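The file structure01.cif comes next; it holds mmCIF, C-alpha atoms.
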data_entry
#
loop_
_atom_site.label_atom_id
_atom_site.label_comp_id
_atom_site.auth_asym_id
_atom_site.auth_seq_id
_atom_site.Cartn_x
_atom_site.Cartn_y
_atom_site.Cartn_z
CA MET F 1 57.87 113.90 -23.59
CA ARG F 2 59.97 117.04 -23.65
CA VAL F 3 56.84 119.21 -23.58
CA VAL F 4 55.52 117.26 -20.59
CA LYS F 5 58.81 117.70 -18.76
CA LEU F 6 58.87 121.38 -19.57
CA THR F 7 55.28 121.85 -18.40
CA LEU F 8 56.03 119.97 -15.18
CA TRP F 9 59.10 122.09 -14.55
CA ILE F 10 57.23 125.35 -15.05
CA ALA F 11 54.19 124.19 -13.05
CA ILE F 12 56.27 122.93 -10.11
CA LEU F 13 58.40 126.06 -9.92
CA TYR F 14 55.39 128.35 -10.33
CA ILE F 15 53.50 126.52 -7.55
CA LEU F 16 56.61 126.53 -5.36
CA GLN F 17 57.14 130.23 -5.84
CA THR F 18 53.55 131.34 -5.43
CA VAL F 19 52.01 128.83 -2.99
CA PHE F 20 55.00 127.57 -1.03
CA CYS F 21 56.73 130.95 -0.73
CA GLY F 22 56.14 130.88 3.05
CA VAL F 23 57.81 127.49 3.30
CA ILE F 24 60.83 128.22 1.11
CA SER F 25 61.39 131.75 2.39
CA VAL F 26 64.48 132.42 4.47
CA ASN F 27 64.12 135.42 6.77
CA GLY F 28 61.35 136.73 4.53
CA THR F 29 63.37 136.42 1.32
CA VAL F 30 62.04 134.20 -1.47
CA ALA F 31 64.25 133.07 -4.35
CA ASP F 32 62.95 133.99 -7.80
CA LEU F 33 62.59 130.44 -9.11
CA MET F 34 60.82 131.42 -12.34
CA LEU F 35 63.60 133.86 -13.15
CA VAL F 36 66.21 131.17 -12.52
CA PHE F 37 64.35 128.68 -14.67
CA CYS F 38 63.76 131.17 -17.48
CA LEU F 39 67.41 132.18 -17.63
CA ALA F 40 68.73 128.63 -17.20
CA TYR F 41 66.49 127.23 -19.90
CA ALA F 42 67.31 130.06 -22.31
CA PHE F 43 71.00 129.56 -21.54
CA MET F 44 70.98 125.83 -22.33
CA GLU F 45 68.39 125.74 -25.10
CA ARG F 46 69.81 126.32 -28.58
CA SER F 47 66.50 126.36 -30.39
CA VAL F 48 65.37 129.97 -30.73
CA SER F 49 61.67 129.09 -31.01
CA SER F 50 61.72 126.92 -27.91
CA ALA F 51 63.79 129.41 -25.91
CA ALA F 52 61.58 132.34 -26.98
CA LEU F 53 58.40 130.47 -26.05
CA VAL F 54 59.71 129.53 -22.61
CA ILE F 55 60.93 133.09 -22.05
CA ILE F 56 57.50 134.50 -22.88
CA ILE F 57 55.64 131.96 -20.71
CA CYS F 58 57.98 132.35 -17.74
CA SER F 59 57.99 136.13 -18.00
CA VAL F 60 54.21 136.33 -18.05
CA LEU F 61 53.88 133.84 -15.16
CA ASN F 62 56.51 135.69 -13.16
CA GLY F 63 54.82 139.02 -13.84
CA SER F 64 51.40 137.63 -12.93
CA ALA F 65 52.75 136.27 -9.66
CA VAL F 66 53.68 139.76 -8.45
CA GLY F 67 50.51 141.49 -9.71
CA ARG F 68 50.84 145.27 -9.47
CA ILE F 69 54.26 145.55 -11.17
CA PHE F 70 53.45 142.98 -13.84
CA PRO F 71 54.94 144.91 -16.81
CA VAL F 72 58.25 145.55 -15.08
CA VAL F 73 58.80 142.02 -13.80
CA THR F 74 57.72 140.55 -17.12
CA ALA F 75 60.08 142.82 -19.04
CA VAL F 76 63.07 142.18 -16.77
CA THR F 77 62.53 138.40 -16.82
CA ALA F 78 62.21 138.39 -20.60
CA PHE F 79 65.20 140.65 -21.04
CA GLY F 80 67.23 138.40 -18.75
CA GLY F 81 66.17 135.35 -20.75
CA ILE F 82 67.23 136.88 -24.05
CA VAL F 83 70.59 137.98 -22.63
CA SER F 84 71.09 134.54 -21.12
CA TYR F 85 70.41 132.86 -24.48
CA SER F 86 72.92 135.05 -26.27
CA PHE F 87 75.54 134.84 -23.52
CA TYR F 88 75.94 131.09 -24.01
CA ASN F 89 78.45 131.70 -26.81
CA TYR F 90 80.62 134.10 -24.85
CA LEU F 91 83.46 133.34 -22.40
CA ARG F 92 83.40 129.66 -23.32
CA PHE F 93 86.52 128.96 -21.24
CA ILE F 94 84.49 129.51 -18.07
CA PRO F 95 82.42 126.54 -16.82
CA SER F 96 78.85 126.86 -18.02
CA PHE F 97 77.26 127.25 -14.57
CA LEU F 98 79.58 130.13 -13.72
CA ARG F 99 78.77 131.75 -17.07
CA PHE F 100 75.13 131.35 -16.20
CA LEU F 101 75.70 133.04 -12.83
CA ILE F 102 77.38 135.94 -14.61
CA VAL F 103 74.03 136.61 -16.28
CA LEU F 104 71.77 135.64 -13.38
CA ILE F 105 73.34 137.83 -10.69
CA PRO F 106 73.11 141.18 -12.55
CA VAL F 107 69.61 140.38 -13.78
CA SER F 108 68.42 139.48 -10.26
CA PHE F 109 70.10 142.64 -8.97
CA VAL F 110 68.24 144.75 -11.53
CA MET F 111 65.03 142.90 -10.67
CA SER F 112 65.41 143.49 -6.93
CA VAL F 113 66.36 147.15 -7.35
CA ILE F 114 63.41 147.90 -9.62
CA GLU F 115 60.99 145.92 -7.41
CA THR F 116 62.27 147.71 -4.29
CA ILE F 117 62.04 151.15 -5.85
CA ILE F 118 58.53 150.57 -7.17
CA ALA F 119 57.19 148.64 -4.19
CA TYR F 120 58.75 150.72 -1.40
CA ARG F 121 59.03 153.99 -3.37
CA GLY F 122 62.58 154.52 -2.12
CA ILE F 123 66.14 153.34 -2.52
CA GLU F 124 67.17 153.40 1.14
CA ASN F 125 66.78 149.66 1.66
CA VAL F 126 67.82 148.50 -1.81
CA LEU F 127 70.98 146.69 -0.74
CA ALA F 128 69.41 145.21 2.39
CA ILE F 129 66.73 143.66 0.17
CA ALA F 130 68.83 142.98 -2.94
CA ILE F 131 71.75 141.13 -1.37
CA PRO F 132 69.78 138.34 0.38
CA TYR F 133 67.54 138.07 -2.69
CA ILE F 134 70.52 137.66 -5.03
CA ILE F 135 72.27 135.17 -2.74
CA TYR F 136 69.14 133.08 -2.28
CA THR F 137 68.32 133.17 -5.99
CA ALA F 138 71.89 132.16 -6.87
CA ALA F 139 71.70 129.34 -4.31
CA ALA F 140 68.43 128.14 -5.84
CA SER F 141 70.07 128.18 -9.26
CA ALA F 142 72.75 125.79 -7.96
CA ILE F 143 69.93 123.24 -7.54
CA ILE F 144 67.76 124.11 -10.53
CA TYR F 145 70.52 124.44 -13.14
CA PRO F 146 72.04 120.92 -12.83
CA LEU F 147 68.63 119.32 -12.41
CA LEU F 148 67.31 121.08 -15.49
CA TYR F 149 70.37 120.03 -17.43
CA LYS F 150 70.02 116.39 -16.34
CA THR F 151 66.30 116.17 -17.00
CA MET F 152 66.10 118.10 -20.29
CA PHE F 153 69.45 118.65 -21.96
CA LYS F 154 71.81 115.81 -21.13
CA ASN F 155 70.36 113.47 -23.79
CA ASP F 156 70.49 116.25 -26.38
CA GLU F 157 74.18 116.77 -25.72
CA SER F 158 74.82 113.02 -26.13
CA LYS F 159 72.89 112.95 -29.41
CA ARG F 160 74.77 115.98 -30.68
CA PHE F 161 78.04 114.28 -29.81
CA ILE F 162 77.04 111.08 -31.64
CA ILE F 163 76.01 113.08 -34.74
CA GLN F 164 79.32 114.91 -34.71
CA GLU F 165 81.13 111.57 -34.40
CA ARG F 166 79.23 110.16 -37.41
CA ASN F 167 80.03 113.18 -39.52
CA MET B 1 74.54 138.84 -32.65
CA GLY B 2 72.42 135.74 -33.03
CA PHE B 3 69.56 136.89 -30.88
CA ILE B 4 68.62 139.77 -33.20
CA SER B 5 67.12 137.33 -35.60
CA LYS B 6 63.60 137.48 -36.98
CA LYS B 7 62.35 135.15 -34.28
CA TRP B 8 63.94 137.18 -31.53
CA ARG B 9 62.55 140.36 -32.95
CA ALA B 10 59.12 138.79 -32.89
CA THR B 11 59.69 137.66 -29.32
CA VAL B 12 60.72 141.14 -28.24
CA ILE B 13 57.67 142.61 -29.95
CA VAL B 14 55.37 140.10 -28.20
CA ILE B 15 56.91 140.84 -24.83
CA ALA B 16 56.82 144.56 -25.44
CA ALA B 17 53.18 144.28 -26.40
CA ILE B 18 52.36 142.24 -23.30
CA CYS B 19 54.24 144.64 -21.02
CA GLY B 20 53.15 147.85 -22.71
CA GLY B 21 49.57 146.70 -23.12
CA GLY B 22 49.50 145.48 -19.54
CA PHE B 23 50.84 148.77 -18.29
CA ILE B 24 48.44 150.91 -20.32
CA LEU B 25 45.39 148.80 -19.47
CA GLU B 26 46.36 148.59 -15.81
CA HIS B 27 46.93 152.33 -15.68
CA PHE B 28 43.79 153.44 -17.47
CA ILE B 29 41.17 150.82 -16.73
CA GLY B 30 42.83 149.10 -13.73
CA PHE B 31 42.64 145.69 -15.39
CA ASN B 32 45.36 143.59 -16.97
CA PRO B 33 43.77 140.83 -19.07
CA VAL B 34 46.95 138.73 -19.37
CA SER B 35 47.63 138.75 -15.66
CA GLU B 36 43.94 138.16 -14.91
CA ALA B 37 43.82 135.23 -17.32
CA VAL B 38 46.89 133.61 -15.80
CA ASN B 39 45.59 134.08 -12.27
CA THR B 40 42.11 132.83 -13.18
CA VAL B 41 43.59 129.59 -14.48
CA ALA B 42 46.24 129.24 -11.79
CA THR B 43 44.20 130.09 -8.70
CA PRO B 44 42.20 126.79 -8.50
CA VAL B 45 45.43 124.84 -8.92
CA LYS B 46 47.19 126.98 -6.33
CA SER B 47 44.35 126.65 -3.84
CA GLY B 48 44.70 122.87 -4.11
CA PHE B 49 48.30 123.13 -3.01
CA SER B 50 47.71 125.77 -0.39
CA TYR B 51 46.58 123.19 2.20
CA ILE B 52 49.91 121.34 1.82
CA ALA B 53 51.78 124.64 1.94
CA HIS B 54 49.98 125.67 5.14
CA SER B 55 50.71 122.29 6.73
CA LEU B 56 54.38 122.54 5.80
CA GLU B 57 54.53 126.10 7.07
CA THR B 58 52.94 125.04 10.37
CA ALA B 59 55.40 122.16 10.66
CA ARG B 60 58.32 124.46 9.90
CA ASP B 61 57.12 127.04 12.43
CA PHE B 62 56.73 124.26 15.00
CA ILE B 63 60.32 123.13 14.38
CA TRP B 64 61.57 126.72 14.65
CA GLU B 65 59.61 127.21 17.86
CA MET B 66 60.98 123.95 19.23
CA ARG B 67 64.48 125.24 18.56
CA ALA B 68 63.59 128.46 20.34
CA TYR B 69 62.12 126.47 23.25
CA LYS B 70 65.27 124.37 23.36
CA ALA B 71 67.44 127.49 23.47
CA ASP B 72 65.19 128.95 26.19
CA ASN B 73 65.41 125.71 28.12
CA GLU B 74 69.20 125.66 27.91
CA ARG B 75 69.35 129.31 28.99
CA LEU B 76 67.03 128.63 31.94
CA GLU B 77 68.99 125.55 32.95
CA ALA B 78 72.20 127.59 32.90
CA GLU B 79 70.45 130.23 34.99
CA ILE B 80 69.28 127.60 37.49
CA ILE B 81 72.83 126.25 37.81
CA LYS B 82 74.11 129.81 38.31
CA LEU B 83 71.44 130.56 40.92
CA LYS B 84 72.10 127.27 42.71
CA ARG B 85 75.80 128.11 42.82
CA GLU B 86 75.02 131.60 44.14
CA ASN B 87 72.64 130.11 46.69
CA ARG B 88 75.28 127.63 47.80
CA ASP B 89 77.85 130.42 48.04
CA ALA B 90 75.39 132.52 50.05
CA SER B 91 74.77 129.61 52.42
CA GLU B 92 78.51 129.13 52.83
CA TYR B 93 78.99 132.83 53.49
CA LYS B 94 76.16 132.73 56.01
CA GLU B 95 77.70 129.76 57.82
CA GLU B 96 81.13 131.38 57.74
CA ASN B 97 79.64 134.60 59.06
CA GLU B 98 77.98 132.75 61.93
CA ARG B 99 81.23 130.95 62.75
CA LEU B 100 83.20 134.19 62.67
CA ILE B 101 80.65 135.93 64.90
CA LYS B 102 80.99 133.11 67.42
CA LEU B 103 84.78 133.31 67.13
CA LEU B 104 84.63 137.06 67.72
CA GLU B 105 82.47 136.54 70.78
CA LEU B 106 84.99 133.98 72.01
CA LYS B 107 87.84 136.38 71.33
CA GLU B 108 86.05 139.04 73.38
CA SER B 109 85.43 136.53 76.18
CA VAL B 110 89.17 135.92 76.55
CA SER B 111 90.03 139.59 76.30
CA ASP B 112 92.55 139.26 79.16
CA ARG B 113 94.78 137.20 76.82
CA GLU B 114 96.02 138.14 73.38
CA THR B 115 94.53 135.99 70.62
CA VAL B 116 94.99 135.37 66.88
CA ALA B 117 92.28 134.01 64.62
CA ALA B 118 93.44 131.48 62.03
CA LYS B 119 91.98 129.32 59.30
CA VAL B 120 92.42 125.57 59.21
CA VAL B 121 94.44 124.77 56.10
CA SER B 122 94.57 120.99 56.31
CA HIS B 123 93.93 118.03 58.53
CA SER B 124 96.47 115.27 59.09
CA GLN B 125 95.78 112.53 56.60
CA ASN B 126 96.32 109.31 58.54
CA ASN B 127 95.61 109.74 62.18
CA TRP B 128 92.04 110.95 62.52
CA TYR B 129 92.63 114.65 62.92
CA GLN B 130 95.16 114.30 65.71
CA GLN B 131 96.99 117.14 64.03
CA ILE B 132 95.77 120.09 61.99
CA GLU B 133 97.59 122.84 60.15
CA ILE B 134 96.57 126.49 60.46
CA ASN B 135 97.53 129.47 58.28
CA LYS B 136 99.20 131.62 60.95
CA GLY B 137 102.69 131.19 62.38
CA SER B 138 105.49 133.00 64.13
CA LEU B 139 104.92 136.11 62.00
CA SER B 140 101.57 136.45 63.76
CA GLY B 141 103.13 135.97 67.14
CA ILE B 142 102.24 132.32 67.58
CA SER B 143 104.65 130.19 69.60
CA GLU B 144 104.82 126.53 70.59
CA GLY B 145 102.50 125.49 73.41
CA ALA B 146 99.84 128.11 72.65
CA ALA B 147 96.27 126.91 73.23
CA VAL B 148 93.93 126.56 70.27
CA ILE B 149 90.20 126.89 70.84
CA THR B 150 86.93 127.39 69.02
CA PRO B 151 83.56 128.67 70.23
CA ASP B 152 82.60 125.00 70.80
CA GLY B 153 85.57 124.20 73.01
CA VAL B 154 89.22 123.24 73.22
CA VAL B 155 90.95 122.01 70.05
CA GLY B 156 94.52 121.42 71.27
CA SER B 157 97.83 123.20 71.41
CA ILE B 158 100.50 124.41 68.98
CA THR B 159 103.33 121.90 68.65
CA LYS B 160 105.18 123.26 65.64
CA VAL B 161 105.48 126.80 64.36
CA GLY B 162 106.54 127.99 60.94
CA ALA B 163 106.71 131.53 59.66
CA ASN B 164 103.24 131.49 58.20
CA TYR B 165 101.81 128.20 59.43
CA SER B 166 101.51 126.20 62.62
CA ILE B 167 100.73 122.60 63.50
CA VAL B 168 98.11 122.05 66.14
CA THR B 169 98.12 118.79 68.06
CA THR B 170 94.55 118.12 69.08
CA ILE B 171 93.36 116.79 72.42
CA LEU B 172 92.79 113.43 70.66
CA ASP B 173 96.55 112.91 70.26
CA PRO B 174 98.11 110.38 72.71
CA SER B 175 100.74 112.98 73.67
CA SER B 176 98.07 115.46 74.75
CA VAL B 177 97.39 115.84 78.47
CA MET B 178 95.47 118.67 80.11
CA GLY B 179 94.03 119.45 83.49
CA ILE B 180 90.22 119.35 83.66
CA LYS B 181 87.38 119.98 86.01
CA ILE B 182 83.98 118.32 86.19
CA ALA B 183 81.61 121.25 85.89
CA ARG B 184 78.94 119.64 88.12
CA THR B 185 81.22 118.72 91.04
CA ASP B 186 84.34 120.79 90.54
CA GLY B 187 86.28 117.53 90.80
CA THR B 188 89.60 117.62 89.00
CA GLY B 189 91.34 115.14 86.74
CA LEU B 190 93.24 114.75 83.49
CA CYS B 191 92.07 114.58 79.92
CA GLU B 192 94.39 112.40 77.84
CA GLY B 193 94.50 111.44 74.21
CA ASP B 194 94.47 107.75 73.37
CA GLU B 195 95.60 106.00 70.20
CA GLU B 196 92.60 103.65 70.10
CA LEU B 197 90.02 106.22 71.12
CA ALA B 198 91.30 108.78 68.62
CA GLY B 199 89.76 106.67 65.86
CA ASN B 200 86.32 107.44 67.31
CA ALA B 201 87.28 111.09 68.01
CA GLN B 202 87.15 110.47 71.77
CA CYS B 203 89.59 111.03 74.61
CA LYS B 204 90.08 109.60 78.06
CA LEU B 205 89.29 111.09 81.46
CA SER B 206 91.61 109.79 84.20
CA PHE B 207 93.07 110.55 87.61
CA VAL B 208 89.75 111.90 88.78
CA ASP B 209 89.45 112.86 92.41
CA ARG B 210 88.11 109.75 94.27
CA ASN B 211 85.73 111.85 96.36
CA THR B 212 83.87 113.28 93.40
CA PRO B 213 81.78 110.81 91.43
CA VAL B 214 81.62 111.04 87.64
CA ILE B 215 78.45 110.18 85.81
CA VAL B 216 77.55 109.96 82.14
CA GLY B 217 76.56 113.37 80.85
CA ASP B 218 78.93 115.33 83.06
CA VAL B 219 80.40 118.35 81.28
CA VAL B 220 84.18 118.54 81.37
CA ILE B 221 85.88 121.96 81.33
CA SER B 222 89.49 123.13 81.46
CA SER B 223 90.85 123.66 84.96
CA GLY B 224 93.40 126.30 84.00
CA SER B 225 96.22 124.40 85.66
CA GLY B 226 99.39 124.24 83.60
CA GLY B 227 98.91 127.75 82.26
CA ILE B 228 98.28 126.74 78.65
CA TYR B 229 94.49 126.68 78.58
CA PRO B 230 92.43 129.32 80.35
CA ALA B 231 90.06 127.91 82.98
CA GLY B 232 86.42 127.20 82.11
CA LEU B 233 86.77 126.26 78.43
CA ASN B 234 84.43 123.51 77.33
CA ILE B 235 86.21 120.22 76.53
CA GLY B 236 83.40 117.72 76.13
CA THR B 237 80.87 115.45 77.76
CA VAL B 238 81.36 112.17 79.60
CA ILE B 239 79.78 109.41 77.53
CA SER B 240 80.81 106.33 79.52
CA VAL B 241 82.31 105.53 82.89
CA SER B 242 84.44 102.53 83.78
CA ALA B 243 84.80 101.69 87.52
CA ASP B 244 86.51 98.86 89.43
CA ARG B 245 84.77 96.46 91.91
CA THR B 246 84.98 98.94 94.75
CA GLY B 247 83.38 101.65 92.65
CA ALA B 248 86.55 103.58 92.23
CA LEU B 249 86.82 105.16 88.81
CA ASN B 250 89.24 103.60 86.36
CA PHE B 251 88.59 106.00 83.57
CA ALA B 252 85.77 107.68 81.63
CA LEU B 253 85.35 108.48 77.95
CA ILE B 254 84.91 112.05 76.80
CA ASP B 255 83.16 113.05 73.63
CA PRO B 256 84.92 116.32 72.68
CA ALA B 257 82.70 119.35 72.18
CA VAL B 258 84.65 120.28 69.06
CA ASP B 259 83.70 118.51 65.83
CA PHE B 260 87.13 118.03 64.28
CA ASP B 261 85.55 117.20 60.89
CA LEU B 262 84.00 120.66 60.63
CA LEU B 263 86.85 122.79 61.90
CA ARG B 264 87.24 125.88 59.73
CA GLU B 265 88.44 128.73 61.95
CA VAL B 266 90.20 128.61 65.30
CA LEU B 267 91.43 131.07 67.87
CA VAL B 268 95.02 130.81 69.10
CA ILE B 269 95.62 132.14 72.61
CA LEU B 270 99.08 133.63 72.63
#

When written as structure tokens, how does the structure in this file appear?
Amino acid sequence: MRVVKLTLWIAILYILQTVFCGVISVNGTVADLMLVFCLAYAFMERSVSSAALVIIICSVLNGSAVGRIFPVVTAVTAFGGIVSYSFYNYLRFIPSFLRFLIVLIPVSFVMSVIETIIAYRGIENVLAIAIPYIIYTAAASAIIYPLLYKTMFKNDESKRFIIQERN
Amino acid sequence: MGFISKKWRATVIVIAAICGGGFILEHFIGFNPVSEAVNTVATPVKSGFSYIAHSLETARDFIWEMRAYKADNERLEAEIIKLKRENRDASEYKEENERLIKLLELKESVSDRETVAAKVVSHSQNNWYQQIEINKGSLSGISEGAAVITPDGVVGSITKVGANYSIVTTILDPSSVMGIKIARTDGTGLCEGDEELAGNAQCKLSFVDRNTPVIVGDVVISSGSGGIYPAGLNIGTVISVSADRTGALNFALIDPAVDFDLLREVLVIL
């Protein structure tokens, strides 16, 4: 069941980002849904194998979606996923979504800067492109993060709590 | 650092291989097998959704355009209102200009007497325009008894003077009496205001010379007697005649030439 849910999540977001980009774009900016999902999943998932697999799949899909700069986008997405996984244990006093944003925003900034430099061969418009991209991606994460938690991780948390109670 | 475990190292190696391999292959042979494989699998699925995406995009564009049309419509409506207002103002200015030209011509026609042009500020509320207030007073040289006229005809005379306003008692007022002449026959008489007739904006013609018959349609002008009104000013037209058994005139009704409803500017003869 978990695999089905995961597949559905990845498929829906991939289709949304690649096919429905015209529909979900705001003033020409499209949120990086695969990046959000990759980082959010890695952040919440405590199984290394599962997190690593999702990071690899999402990175490759994200890289394939952009085509020409495949290696860069794949690397940044994967790097972001790994950082996100490790960051879960830091700054625990901050609510988890805010901690997630602390990882997501710099990673999406790096992504937008590198994409802009490679795609436009210049840094003149970096901020004009990066800022809407980061805001839109962060806004998308406000929807994806709680939904992902509810659909895939809420039951795990409950089980973990029950096990701890029994022990 | 938990993520530098064996599994993470393997993950990093896999990703590095995918990225590095992809870069090298793309650079040297222009072909990235991983990306190609993903796109080959995904493209049929994506094309299935593209119809829905296009429909949604069209719908979204339509909604955006509708909003733009709505904004355009509101802007055009505002412009129409503005133009209508300007048009109305222009019409008012045109009418005012025509009235002032006529007033100027009238002023020139009575050049032997000093005159002051004034605007009508208000009409008396309860007695059918038997009195009107104008915006000039003693500071402009106006004094009680001065005649008030318009290009159409006689309005009345000044009965009260303030520093910057005056009250004009019209020829409809029962207290108003003036000497007249029938333009057709030169017969003389008096034009008097009447309480009952004032309601219909009419006044009474009486004491007409018995030797000069009055008929409906006769034009009544000022005789100049009394010294208030200059001779020859239009007063109105006879609209009905009442005679006794012998044919002698009792009185006639005059429809004043001035429309007291539309009075805007007047000329005061000092």

*For this file, the PyMOL selection byres ((chain F) within 10 of (chain B)) selects which residues, as a PyMOL selection string?*
chain F and resi 11+14-16+18-24+48-49+51-53+55-57+59-75+78-79+82-83+85-87+89

Result set, the PyMOL selection byres ((chain B and resi 207) around 6) on current file, as a PDB file with C-alpha atoms, in the frame of the given file:
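Saved as selection_13.pdb:
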ATOM      1  CA  GLY B 189      91.340 115.140  86.740  1.00  0.00           C
ATOM      2  CA  LEU B 190      93.240 114.750  83.490  1.00  0.00           C
ATOM      3  CA  SER B 206      91.610 109.790  84.200  1.00  0.00           C
ATOM      4  CA  VAL B 208      89.750 111.900  88.780  1.00  0.00           C
TER       5      VAL B 208
END

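Between CA of Ile13 in chain B and CA of Val3 in chain F there is a distance of 24.3 Å.
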
Could you list, as a tab-separated table (two decimals) with C-alpha atoms, in the frame of the given file, every residue matched by the PyMOL selection byres ((chain B and resi 235) around 6) in this structure?
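Output file expr-v5.tsv follows:
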chain	number	residue	atom	x	y	z
B	153	GLY	CA	85.57	124.20	73.01
B	154	VAL	CA	89.22	123.24	73.22
B	220	VAL	CA	84.18	118.54	81.37
B	221	ILE	CA	85.88	121.96	81.33
B	234	ASN	CA	84.43	123.51	77.33
B	236	GLY	CA	83.40	117.72	76.13
B	256	PRO	CA	84.92	116.32	72.68
B	257	ALA	CA	82.70	119.35	72.18

*asked:* Using Å and a single decimal, report how far CA of Val54 in chain F sits from CA of His27 in chain B.
replied: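 CA of Val54 in chain F lies 27.0 Å from CA of His27 in chain B.
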
_I'd like the interatomic distance between CA of Thr185 in chain B and CA of Lys102 in chain B, to a tenth of an Å._
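Interatomic distance here is 27.7 Å.
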
_Selection: 12 Å around range 90-96 of chain F, all atoms listed in the file, excl. self and same-chain fewer than 6 positions, as a PyMOL selection string_ = (chain F and resi 40+43-44+83-84+102-103+142+145-146+149) or (chain B and resi 1-2)

*Which is closer to Ile131 in chain F than all the others in F:Phe109, F:Phe153, F:Phe37, F:Trp9, using all atoms listed in the file?*
F:Phe109

*Close residues, range 127-129 of chain F itself excluded, 10 Å, only C-alpha atoms, min 6 positions apart in chain, as a ChimeraX atom specification*: /F:28-29,109,112-113,115-116

*Within 9 Å of Val110 in chain F, counting only C-alpha atoms, which residues qualify if same-chain residues fewer than 4 places away don't, as a list in words?*
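Returned residues: Val76, Ile105, Pro106, Ile114, Glu115 and Ala130 of chain F.
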
*Show which residues sit within 12 Å of Met178 in chain B, as a ChimeraX atom specification. Count only C-alpha atoms, and ignore same-chain residues fewer than 4 positions away.*
/B:145,147,154-157,170-174,188-193,203-207,220-231,233,235

Dump as a short mmCIF file (atom, residue, chain, number, x, y, z; two decimals), in the coordinates of the input, selection limited to C-alpha atoms:
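The new file again.cif reads:
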data_model
loop_
_atom_site.label_atom_id
_atom_site.label_comp_id
_atom_site.auth_asym_id
_atom_site.auth_seq_id
_atom_site.Cartn_x
_atom_site.Cartn_y
_atom_site.Cartn_z
CA GLY B 145 102.50 125.49 73.41
CA ALA B 147 96.27 126.91 73.23
CA VAL B 154 89.22 123.24 73.22
CA VAL B 155 90.95 122.01 70.05
CA GLY B 156 94.52 121.42 71.27
CA SER B 157 97.83 123.20 71.41
CA THR B 170 94.55 118.12 69.08
CA ILE B 171 93.36 116.79 72.42
CA LEU B 172 92.79 113.43 70.66
CA ASP B 173 96.55 112.91 70.26
CA PRO B 174 98.11 110.38 72.71
CA THR B 188 89.60 117.62 89.00
CA GLY B 189 91.34 115.14 86.74
CA LEU B 190 93.24 114.75 83.49
CA CYS B 191 92.07 114.58 79.92
CA GLU B 192 94.39 112.40 77.84
CA GLY B 193 94.50 111.44 74.21
CA CYS B 203 89.59 111.03 74.61
CA LYS B 204 90.08 109.60 78.06
CA LEU B 205 89.29 111.09 81.46
CA SER B 206 91.61 109.79 84.20
CA PHE B 207 93.07 110.55 87.61
CA VAL B 220 84.18 118.54 81.37
CA ILE B 221 85.88 121.96 81.33
CA SER B 222 89.49 123.13 81.46
CA SER B 223 90.85 123.66 84.96
CA GLY B 224 93.40 126.30 84.00
CA SER B 225 96.22 124.40 85.66
CA GLY B 226 99.39 124.24 83.60
CA GLY B 227 98.91 127.75 82.26
CA ILE B 228 98.28 126.74 78.65
CA TYR B 229 94.49 126.68 78.58
CA PRO B 230 92.43 129.32 80.35
CA ALA B 231 90.06 127.91 82.98
CA LEU B 233 86.77 126.26 78.43
CA ILE B 235 86.21 120.22 76.53
#

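Counting all atoms listed in the file, the residue from B:Ile215, B:Val258, B:Leu25, B:Ile180 that sits nearest to Gln202 in chain B is B:Val258.
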
*Could you tell me which of F:Ile12, F:Val26, F:Ala31, F:Leu39 comes closest to Tyr133 in chain F if we count only C-alpha atoms?*
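Ranked by minimum distance to Tyr133 in chain F, first place goes to F:Ala31.
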
*Could you give me, as a list in words, the residues within 9 Å of Ile239 in chain B, counting all atoms listed in the file and dropping anything in the same chain fewer than 3 positions from it?*
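Answer for this query is Ile215, Val216, Gly217, Asp218, Ala252, Leu253, Ile254 and Asp255 of chain B.
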